[in-house]
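One file, target05.txt, is given below (compact mmCIF, N, CA, C and O atoms).
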```txt
# COMPACT_ATOMS: atom_id res chain seq x y z
N MET A 1 259.77 188.21 187.16
CA MET A 1 259.71 189.61 186.82
C MET A 1 258.78 190.31 187.82
O MET A 1 257.61 189.99 187.90
N ASN A 2 259.29 191.24 188.58
CA ASN A 2 258.50 191.97 189.57
C ASN A 2 258.67 193.46 189.35
O ASN A 2 259.75 194.00 189.54
N PHE A 3 257.59 194.11 188.96
CA PHE A 3 257.61 195.54 188.72
C PHE A 3 256.68 196.29 189.66
O PHE A 3 256.22 197.38 189.36
N ASP A 4 256.38 195.70 190.84
CA ASP A 4 255.53 196.37 191.82
C ASP A 4 256.10 197.75 192.13
O ASP A 4 257.29 197.90 192.37
N GLY A 5 255.22 198.76 192.09
CA GLY A 5 255.64 200.11 192.41
C GLY A 5 256.36 200.84 191.29
O GLY A 5 256.74 201.99 191.46
N GLN A 6 256.56 200.19 190.15
CA GLN A 6 257.24 200.81 189.01
C GLN A 6 256.20 201.33 188.02
O GLN A 6 255.09 200.83 187.94
N THR A 7 256.58 202.33 187.24
CA THR A 7 255.73 202.88 186.19
C THR A 7 256.44 202.75 184.86
O THR A 7 257.63 203.06 184.76
N VAL A 8 255.72 202.26 183.85
CA VAL A 8 256.29 202.12 182.51
C VAL A 8 255.39 202.80 181.49
O VAL A 8 254.20 202.98 181.72
N VAL A 9 255.98 203.19 180.36
CA VAL A 9 255.25 203.76 179.23
C VAL A 9 255.45 202.82 178.06
O VAL A 9 256.58 202.46 177.73
N VAL A 10 254.34 202.42 177.43
CA VAL A 10 254.40 201.55 176.26
C VAL A 10 253.74 202.28 175.10
O VAL A 10 252.54 202.54 175.12
N THR A 11 254.53 202.66 174.09
CA THR A 11 253.96 203.29 172.92
C THR A 11 253.31 202.21 172.06
O THR A 11 253.84 201.11 171.93
N GLY A 12 252.14 202.53 171.51
CA GLY A 12 251.39 201.52 170.77
C GLY A 12 250.96 200.39 171.69
O GLY A 12 250.90 199.23 171.28
N GLY A 13 250.63 200.74 172.91
CA GLY A 13 250.41 199.75 173.95
C GLY A 13 249.06 199.06 173.98
O GLY A 13 248.78 198.33 174.92
N THR A 14 248.22 199.27 172.96
CA THR A 14 246.90 198.63 172.97
C THR A 14 246.70 197.65 171.82
O THR A 14 245.63 197.07 171.70
N ARG A 15 247.73 197.46 170.99
CA ARG A 15 247.60 196.55 169.85
C ARG A 15 248.88 195.74 169.68
O ARG A 15 249.97 196.19 170.02
N GLY A 16 248.73 194.55 169.15
CA GLY A 16 249.86 193.72 168.76
C GLY A 16 250.88 193.50 169.86
O GLY A 16 250.54 193.17 171.00
N LEU A 17 252.16 193.67 169.50
CA LEU A 17 253.25 193.48 170.46
C LEU A 17 253.17 194.46 171.63
O LEU A 17 253.50 194.11 172.76
N GLY A 18 252.72 195.67 171.34
CA GLY A 18 252.57 196.66 172.42
C GLY A 18 251.55 196.21 173.45
O GLY A 18 251.75 196.38 174.65
N ALA A 19 250.44 195.63 172.99
CA ALA A 19 249.41 195.12 173.90
C ALA A 19 249.97 193.98 174.74
O ALA A 19 249.71 193.90 175.95
N ALA A 20 250.72 193.10 174.13
CA ALA A 20 251.33 191.99 174.87
C ALA A 20 252.32 192.52 175.90
O ALA A 20 252.38 192.01 177.04
N THR A 21 253.06 193.55 175.55
CA THR A 21 254.01 194.16 176.48
C THR A 21 253.26 194.81 177.64
O THR A 21 253.65 194.66 178.81
N THR A 22 252.19 195.53 177.32
CA THR A 22 251.37 196.15 178.36
C THR A 22 250.85 195.11 179.33
O THR A 22 250.96 195.26 180.56
N ARG A 23 250.29 194.02 178.81
CA ARG A 23 249.76 192.95 179.67
C ARG A 23 250.86 192.35 180.55
O ARG A 23 250.63 192.08 181.73
N ALA A 24 252.02 192.13 179.97
CA ALA A 24 253.12 191.54 180.73
C ALA A 24 253.53 192.43 181.90
O ALA A 24 253.74 191.95 183.02
N PHE A 25 253.63 193.74 181.65
CA PHE A 25 253.99 194.66 182.74
C PHE A 25 252.88 194.74 183.78
O PHE A 25 253.15 194.81 184.98
N LEU A 26 251.61 194.74 183.35
CA LEU A 26 250.50 194.73 184.31
C LEU A 26 250.55 193.48 185.17
O LEU A 26 250.39 193.55 186.39
N ASP A 27 250.78 192.34 184.53
CA ASP A 27 250.86 191.07 185.26
C ASP A 27 252.02 191.06 186.25
O ASP A 27 251.97 190.39 187.28
N ALA A 28 253.06 191.85 185.94
CA ALA A 28 254.24 191.91 186.81
C ALA A 28 254.09 192.98 187.90
O ALA A 28 255.02 193.22 188.67
N GLY A 29 252.92 193.66 187.94
CA GLY A 29 252.65 194.61 189.01
C GLY A 29 252.88 196.07 188.70
O GLY A 29 252.70 196.93 189.56
N ALA A 30 253.29 196.39 187.47
CA ALA A 30 253.60 197.78 187.11
C ALA A 30 252.33 198.60 186.87
O ALA A 30 251.27 198.07 186.56
N ARG A 31 252.47 199.90 187.03
CA ARG A 31 251.47 200.85 186.56
C ARG A 31 251.90 201.18 185.13
O ARG A 31 253.06 201.54 184.90
N VAL A 32 250.98 201.05 184.18
CA VAL A 32 251.34 201.20 182.77
C VAL A 32 250.58 202.36 182.13
O VAL A 32 249.35 202.45 182.23
N HIS A 33 251.32 203.24 181.48
CA HIS A 33 250.76 204.29 180.65
C HIS A 33 250.93 203.80 179.22
O HIS A 33 252.07 203.71 178.72
N ALA A 34 249.83 203.44 178.56
CA ALA A 34 249.87 202.90 177.21
C ALA A 34 249.31 203.93 176.24
O ALA A 34 248.25 204.51 176.49
N THR A 35 250.04 204.16 175.15
CA THR A 35 249.57 205.12 174.16
C THR A 35 248.90 204.40 173.00
O THR A 35 249.18 203.23 172.73
N TYR A 36 247.99 205.12 172.36
CA TYR A 36 247.38 204.65 171.12
C TYR A 36 247.19 205.86 170.23
O TYR A 36 247.12 207.00 170.71
N ARG A 37 247.10 205.62 168.92
CA ARG A 37 247.07 206.73 167.99
C ARG A 37 245.67 207.23 167.68
O ARG A 37 245.42 208.42 167.70
N SER A 38 244.71 206.31 167.37
CA SER A 38 243.44 206.84 166.89
C SER A 38 242.18 206.04 167.24
O SER A 38 241.12 206.62 167.32
N ASP A 39 242.27 204.77 167.46
CA ASP A 39 241.07 203.95 167.62
C ASP A 39 240.64 203.89 169.09
O ASP A 39 241.00 202.98 169.83
N GLU A 40 239.82 204.88 169.49
CA GLU A 40 239.39 204.96 170.88
C GLU A 40 238.57 203.76 171.31
O GLU A 40 238.70 203.28 172.44
N ALA A 41 237.72 203.25 170.42
CA ALA A 41 236.88 202.10 170.77
C ALA A 41 237.73 200.86 171.04
O ALA A 41 237.50 200.13 172.01
N ALA A 42 238.74 200.64 170.21
CA ALA A 42 239.63 199.48 170.41
C ALA A 42 240.44 199.65 171.70
O ALA A 42 240.64 198.68 172.43
N ALA A 43 240.88 200.86 171.99
CA ALA A 43 241.64 201.11 173.22
C ALA A 43 240.75 200.85 174.44
O ALA A 43 241.20 200.26 175.43
N ALA A 44 239.49 201.28 174.36
CA ALA A 44 238.56 201.05 175.48
C ALA A 44 238.31 199.56 175.67
O ALA A 44 238.27 199.08 176.82
N ARG A 45 238.17 198.81 174.58
CA ARG A 45 237.99 197.35 174.68
C ARG A 45 239.22 196.71 175.33
O ARG A 45 239.10 195.83 176.18
N PHE A 46 240.38 197.16 174.91
CA PHE A 46 241.61 196.63 175.49
C PHE A 46 241.63 196.86 177.00
O PHE A 46 241.96 195.96 177.78
N ALA A 47 241.26 198.06 177.44
CA ALA A 47 241.25 198.38 178.87
C ALA A 47 240.25 197.49 179.61
O ALA A 47 240.55 196.99 180.70
N GLU A 48 239.08 197.27 179.03
CA GLU A 48 238.08 196.41 179.65
C GLU A 48 238.60 194.98 179.79
O GLU A 48 238.37 194.32 180.81
N GLU A 49 239.30 194.50 178.77
CA GLU A 49 239.81 193.14 178.77
C GLU A 49 241.02 192.96 179.70
O GLU A 49 241.40 191.83 180.00
N ALA A 50 241.60 194.08 180.14
CA ALA A 50 242.77 194.00 181.02
C ALA A 50 242.41 193.33 182.34
O ALA A 50 243.29 192.78 183.01
N GLY A 51 241.15 193.36 182.71
CA GLY A 51 240.71 192.68 183.92
C GLY A 51 241.16 193.35 185.21
O GLY A 51 241.17 194.57 185.32
N ALA A 52 241.56 192.54 186.18
CA ALA A 52 241.87 193.01 187.53
C ALA A 52 242.91 194.13 187.59
O ALA A 52 242.74 195.06 188.36
N PRO A 53 243.99 194.09 186.79
CA PRO A 53 244.99 195.16 186.93
C PRO A 53 244.59 196.47 186.24
O PRO A 53 245.38 197.39 186.13
N GLN A 54 243.34 196.55 185.78
CA GLN A 54 242.89 197.73 185.03
C GLN A 54 243.11 199.03 185.80
O GLN A 54 243.38 200.07 185.19
N GLU A 55 243.05 199.01 187.12
CA GLU A 55 243.25 200.24 187.89
C GLU A 55 244.68 200.76 187.77
O GLU A 55 244.96 201.90 188.10
N ARG A 56 245.59 199.95 187.24
CA ARG A 56 246.97 200.37 187.03
C ARG A 56 247.26 200.69 185.57
O ARG A 56 248.41 200.89 185.20
N LEU A 57 246.22 200.72 184.74
CA LEU A 57 246.38 201.01 183.31
C LEU A 57 245.80 202.38 183.00
O LEU A 57 244.64 202.67 183.29
N VAL A 58 246.64 203.23 182.40
CA VAL A 58 246.21 204.56 181.99
C VAL A 58 246.44 204.66 180.49
O VAL A 58 247.56 204.41 180.01
N LEU A 59 245.40 205.03 179.73
CA LEU A 59 245.52 205.15 178.28
C LEU A 59 245.67 206.61 177.89
O LEU A 59 245.04 207.49 178.49
N HIS A 60 246.51 206.85 176.88
CA HIS A 60 246.74 208.20 176.37
C HIS A 60 246.65 208.15 174.85
O HIS A 60 247.34 207.35 174.21
N ARG A 61 245.83 209.03 174.29
CA ARG A 61 245.71 209.08 172.83
C ARG A 61 246.62 210.18 172.29
O ARG A 61 246.44 211.36 172.58
N PHE A 62 247.60 209.77 171.52
CA PHE A 62 248.42 210.72 170.76
C PHE A 62 249.32 209.94 169.81
O PHE A 62 249.53 208.74 169.95
N ASP A 63 249.84 210.66 168.84
CA ASP A 63 250.70 210.07 167.82
C ASP A 63 252.14 210.46 168.13
O ASP A 63 252.50 211.64 168.03
N VAL A 64 252.96 209.50 168.52
CA VAL A 64 254.35 209.82 168.90
C VAL A 64 255.17 210.31 167.71
O VAL A 64 256.23 210.91 167.91
N ALA A 65 254.70 210.11 166.49
CA ALA A 65 255.43 210.57 165.31
C ALA A 65 255.09 212.02 164.94
O ALA A 65 255.76 212.62 164.11
N ASP A 66 254.05 212.58 165.57
CA ASP A 66 253.61 213.94 165.27
C ASP A 66 254.30 214.92 166.20
O ASP A 66 254.07 214.89 167.41
N HIS A 67 255.12 215.80 165.67
CA HIS A 67 255.87 216.76 166.48
C HIS A 67 254.97 217.75 167.20
O HIS A 67 255.33 218.29 168.23
N GLU A 68 253.81 218.03 166.67
CA GLU A 68 252.87 218.97 167.30
C GLU A 68 252.23 218.32 168.50
O GLU A 68 251.79 218.88 169.42
```

Represent the structure of the file as structure tokens.
Amino acid sequence: MNFDGQTVVVTGGTRGLGAATTRAFLDAGARVHATYRSDEAAAARFAEEAGAPQERLVLHRFDVADHE
């Protein structure tokens, strides 16, 4: 799997299956925009634990179910 130069968006990308998906895309070379709903501290920990590919990880806080 090679995603060098590609950009992906992972909703719920800092917990559970979303976190695993985010890590897999980072490991494959992608730039990842990962969303989270509310736990900023947990999202920050996730970003710290991402390690070397952290420069390709961008976190966004919002609720995809909220129309506003």

Near Ala50 of chain A, within 8 Å and counting only C-alpha atoms, which residues show up once chain neighbours fewer than 4 positions away are dropped, as an MDAnalysis selection string? chainID A and resid 23 46 54

Atom pair atom O of Asp66 of chain A + atom CA of Thr21 of chain A, distance 22.6 Å

Which residues, written as a ChimeraX atom specification, have at least one atom at most 8 Å from Asp63 of chain A, with only N, CA, C and O atoms counted and residues fewer than 6 positions away on the same chain left out? /A:35-38

Where does DSSP see alpha helix (DSSP H) in segment 5-58 of chain A, if you list the residues as an MDAnalysis selection string? chainID A and resid 16:27 40:49

Which one is closest to Ala44 of chain A: A:Val9, A:Leu59, A:Ala30, A:Met1? Count only C-alpha atoms. A:Leu59

Extract, using all atoms listed in the file, all DNA, RNA and protein residues at most 4.5 Å from Ala34 of chain A, discarding same-chain residues fewer than 5 positions from it, and format them as an MDAnalysis selection string. chainID A and resid 10 58:60

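Every residue of segment 7-47 of chain A with a DSSP assignment of strand (DSSP E), taken from the backbone, is listed as A:Thr7, A:Val8, A:Val9, A:Val10, A:Arg31, A:Val32, A:His33, A:Ala34, A:Thr35, A:Tyr36.
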
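For the pair atom CA of Ala41 of chain A and atom CA of Leu17 of chain A, the separation is 18.5 Å.
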
As an exercise, work out the distance from atom O of Arg61 of chain A to atom O of Asn2 of chain A in Å and give it to one decimal place. 27.7 Å

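Candidate residues A:Ala43, A:Ala52, A:Leu26, A:Ala65 were compared for distance to Thr14 of chain A, and the nearest is A:Ala43, using only C-alpha atoms.
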
Step by step, gather every atom of segment 16-29 of chain A that the file lists, find the box along x, y and z that holds them, add 3 Å on each side, and finally give centre and edge lengths in Å to one decimal, as AutoDock Vina command-line options.
```
--center_x 251.9 --center_y 193.7 --center_z 179.2 --size_x 12.3 --size_y 12.5 --size_z 26.8
```

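Among the candidates A:Ala28, A:Ala47, A:Val64, A:Leu57, the residue lying nearest to Asp4 of chain A is A:Ala28 (atoms considered: only C-alpha atoms).
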
Taking only N, CA, C and O atoms into account, name the residue in A:Glu49, A:Phe62, A:Ala24, A:His67 that is nearest to Gly12 of chain A. A:Phe62

Of the candidates A:Glu68, A:Gln6, A:Asp39, A:Ala20, which shows the shortest atom-to-atom distance to Arg56 of chain A, using all atoms listed in the file? A:Gln6

Output segment 27-38 of chain A as a PDB file, in the coordinates of the input, making sure all heavy atoms are there.
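As a result, part29.pdb now contains:
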```pdb
ATOM      1  N   ASP A  27     250.780 192.340 184.530  1.00  0.00           N
ATOM      2  CA  ASP A  27     250.860 191.070 185.260  1.00  0.00           C
ATOM      3  C   ASP A  27     252.020 191.060 186.250  1.00  0.00           C
ATOM      4  O   ASP A  27     251.970 190.390 187.280  1.00  0.00           O
ATOM      5  CB  ASP A  27     251.010 189.888 184.297  1.00  0.00           C
ATOM      6  CG  ASP A  27     249.748 189.615 183.502  1.00  0.00           C
ATOM      7  OD1 ASP A  27     248.666 190.136 183.879  1.00  0.00           O
ATOM      8  OD2 ASP A  27     249.837 188.890 182.488  1.00  0.00           O
ATOM      9  N   ALA A  28     253.060 191.850 185.940  1.00  0.00           N
ATOM     10  CA  ALA A  28     254.240 191.910 186.810  1.00  0.00           C
ATOM     11  C   ALA A  28     254.090 192.980 187.900  1.00  0.00           C
ATOM     12  O   ALA A  28     255.020 193.220 188.670  1.00  0.00           O
ATOM     13  CB  ALA A  28     255.492 192.179 185.981  1.00  0.00           C
ATOM     14  N   GLY A  29     252.920 193.660 187.940  1.00  0.00           N
ATOM     15  CA  GLY A  29     252.650 194.610 189.010  1.00  0.00           C
ATOM     16  C   GLY A  29     252.880 196.070 188.700  1.00  0.00           C
ATOM     17  O   GLY A  29     252.700 196.930 189.560  1.00  0.00           O
ATOM     18  N   ALA A  30     253.290 196.390 187.470  1.00  0.00           N
ATOM     19  CA  ALA A  30     253.600 197.780 187.110  1.00  0.00           C
ATOM     20  C   ALA A  30     252.330 198.600 186.870  1.00  0.00           C
ATOM     21  O   ALA A  30     251.270 198.070 186.560  1.00  0.00           O
ATOM     22  CB  ALA A  30     254.456 197.831 185.852  1.00  0.00           C
ATOM     23  N   ARG A  31     252.470 199.900 187.030  1.00  0.00           N
ATOM     24  CA  ARG A  31     251.470 200.850 186.560  1.00  0.00           C
ATOM     25  C   ARG A  31     251.900 201.180 185.130  1.00  0.00           C
ATOM     26  O   ARG A  31     253.060 201.540 184.900  1.00  0.00           O
ATOM     27  CB  ARG A  31     251.473 202.103 187.424  1.00  0.00           C
ATOM     28  CG  ARG A  31     250.520 203.173 186.947  1.00  0.00           C
ATOM     29  CD  ARG A  31     250.511 204.348 187.944  1.00  0.00           C
ATOM     30  NE  ARG A  31     249.638 205.401 187.525  1.00  0.00           N
ATOM     31  CZ  ARG A  31     248.329 205.431 187.725  1.00  0.00           C
ATOM     32  NH1 ARG A  31     247.739 204.438 188.361  1.00  0.00           N
ATOM     33  NH2 ARG A  31     247.598 206.436 187.300  1.00  0.00           N
ATOM     34  N   VAL A  32     250.980 201.050 184.180  1.00  0.00           N
ATOM     35  CA  VAL A  32     251.340 201.200 182.770  1.00  0.00           C
ATOM     36  C   VAL A  32     250.580 202.360 182.130  1.00  0.00           C
ATOM     37  O   VAL A  32     249.350 202.450 182.230  1.00  0.00           O
ATOM     38  CB  VAL A  32     251.050 199.906 181.967  1.00  0.00           C
ATOM     39  CG1 VAL A  32     251.418 200.087 180.497  1.00  0.00           C
ATOM     40  CG2 VAL A  32     251.798 198.723 182.567  1.00  0.00           C
ATOM     41  N   HIS A  33     251.320 203.240 181.480  1.00  0.00           N
ATOM     42  CA  HIS A  33     250.760 204.290 180.650  1.00  0.00           C
ATOM     43  C   HIS A  33     250.930 203.800 179.220  1.00  0.00           C
ATOM     44  O   HIS A  33     252.070 203.710 178.720  1.00  0.00           O
ATOM     45  CB  HIS A  33     251.482 205.618 180.855  1.00  0.00           C
ATOM     46  CG  HIS A  33     251.246 206.206 182.200  1.00  0.00           C
ATOM     47  ND1 HIS A  33     250.293 207.174 182.427  1.00  0.00           N
ATOM     48  CD2 HIS A  33     251.803 205.935 183.409  1.00  0.00           C
ATOM     49  CE1 HIS A  33     250.287 207.489 183.706  1.00  0.00           C
ATOM     50  NE2 HIS A  33     251.201 206.746 184.320  1.00  0.00           N
ATOM     51  N   ALA A  34     249.830 203.440 178.560  1.00  0.00           N
ATOM     52  CA  ALA A  34     249.870 202.900 177.210  1.00  0.00           C
ATOM     53  C   ALA A  34     249.310 203.930 176.240  1.00  0.00           C
ATOM     54  O   ALA A  34     248.250 204.510 176.490  1.00  0.00           O
ATOM     55  CB  ALA A  34     249.057 201.611 177.128  1.00  0.00           C
ATOM     56  N   THR A  35     250.040 204.160 175.150  1.00  0.00           N
ATOM     57  CA  THR A  35     249.570 205.120 174.160  1.00  0.00           C
ATOM     58  C   THR A  35     248.900 204.400 173.000  1.00  0.00           C
ATOM     59  O   THR A  35     249.180 203.230 172.730  1.00  0.00           O
ATOM     60  CB  THR A  35     250.722 205.978 173.609  1.00  0.00           C
ATOM     61  OG1 THR A  35     251.570 205.175 172.778  1.00  0.00           O
ATOM     62  CG2 THR A  35     251.532 206.613 174.732  1.00  0.00           C
ATOM     63  N   TYR A  36     247.990 205.120 172.360  1.00  0.00           N
ATOM     64  CA  TYR A  36     247.380 204.650 171.120  1.00  0.00           C
ATOM     65  C   TYR A  36     247.190 205.860 170.230  1.00  0.00           C
ATOM     66  O   TYR A  36     247.120 207.000 170.710  1.00  0.00           O
ATOM     67  CB  TYR A  36     246.069 203.905 171.389  1.00  0.00           C
ATOM     68  CG  TYR A  36     244.973 204.769 171.954  1.00  0.00           C
ATOM     69  CD1 TYR A  36     243.987 205.302 171.133  1.00  0.00           C
ATOM     70  CD2 TYR A  36     244.920 205.062 173.309  1.00  0.00           C
ATOM     71  CE1 TYR A  36     242.981 206.096 171.645  1.00  0.00           C
ATOM     72  CE2 TYR A  36     243.923 205.850 173.837  1.00  0.00           C
ATOM     73  CZ  TYR A  36     242.953 206.369 172.995  1.00  0.00           C
ATOM     74  OH  TYR A  36     241.961 207.159 173.509  1.00  0.00           O
ATOM     75  N   ARG A  37     247.100 205.620 168.920  1.00  0.00           N
ATOM     76  CA  ARG A  37     247.070 206.730 167.990  1.00  0.00           C
ATOM     77  C   ARG A  37     245.670 207.230 167.680  1.00  0.00           C
ATOM     78  O   ARG A  37     245.420 208.420 167.700  1.00  0.00           O
ATOM     79  CB  ARG A  37     247.777 206.367 166.691  1.00  0.00           C
ATOM     80  CG  ARG A  37     247.929 207.539 165.743  1.00  0.00           C
ATOM     81  CD  ARG A  37     248.645 207.142 164.509  1.00  0.00           C
ATOM     82  NE  ARG A  37     247.897 206.060 163.868  1.00  0.00           N
ATOM     83  CZ  ARG A  37     248.036 205.691 162.626  1.00  0.00           C
ATOM     84  NH1 ARG A  37     248.918 206.281 161.872  1.00  0.00           N
ATOM     85  NH2 ARG A  37     247.328 204.706 162.136  1.00  0.00           N
ATOM     86  N   SER A  38     244.710 206.310 167.370  1.00  0.00           N
ATOM     87  CA  SER A  38     243.440 206.840 166.890  1.00  0.00           C
ATOM     88  C   SER A  38     242.180 206.040 167.240  1.00  0.00           C
ATOM     89  O   SER A  38     241.120 206.620 167.320  1.00  0.00           O
ATOM     90  CB  SER A  38     243.495 206.987 165.360  1.00  0.00           C
ATOM     91  OG  SER A  38     243.707 205.718 164.758  1.00  0.00           O
TER      92      SER A  38
END
```
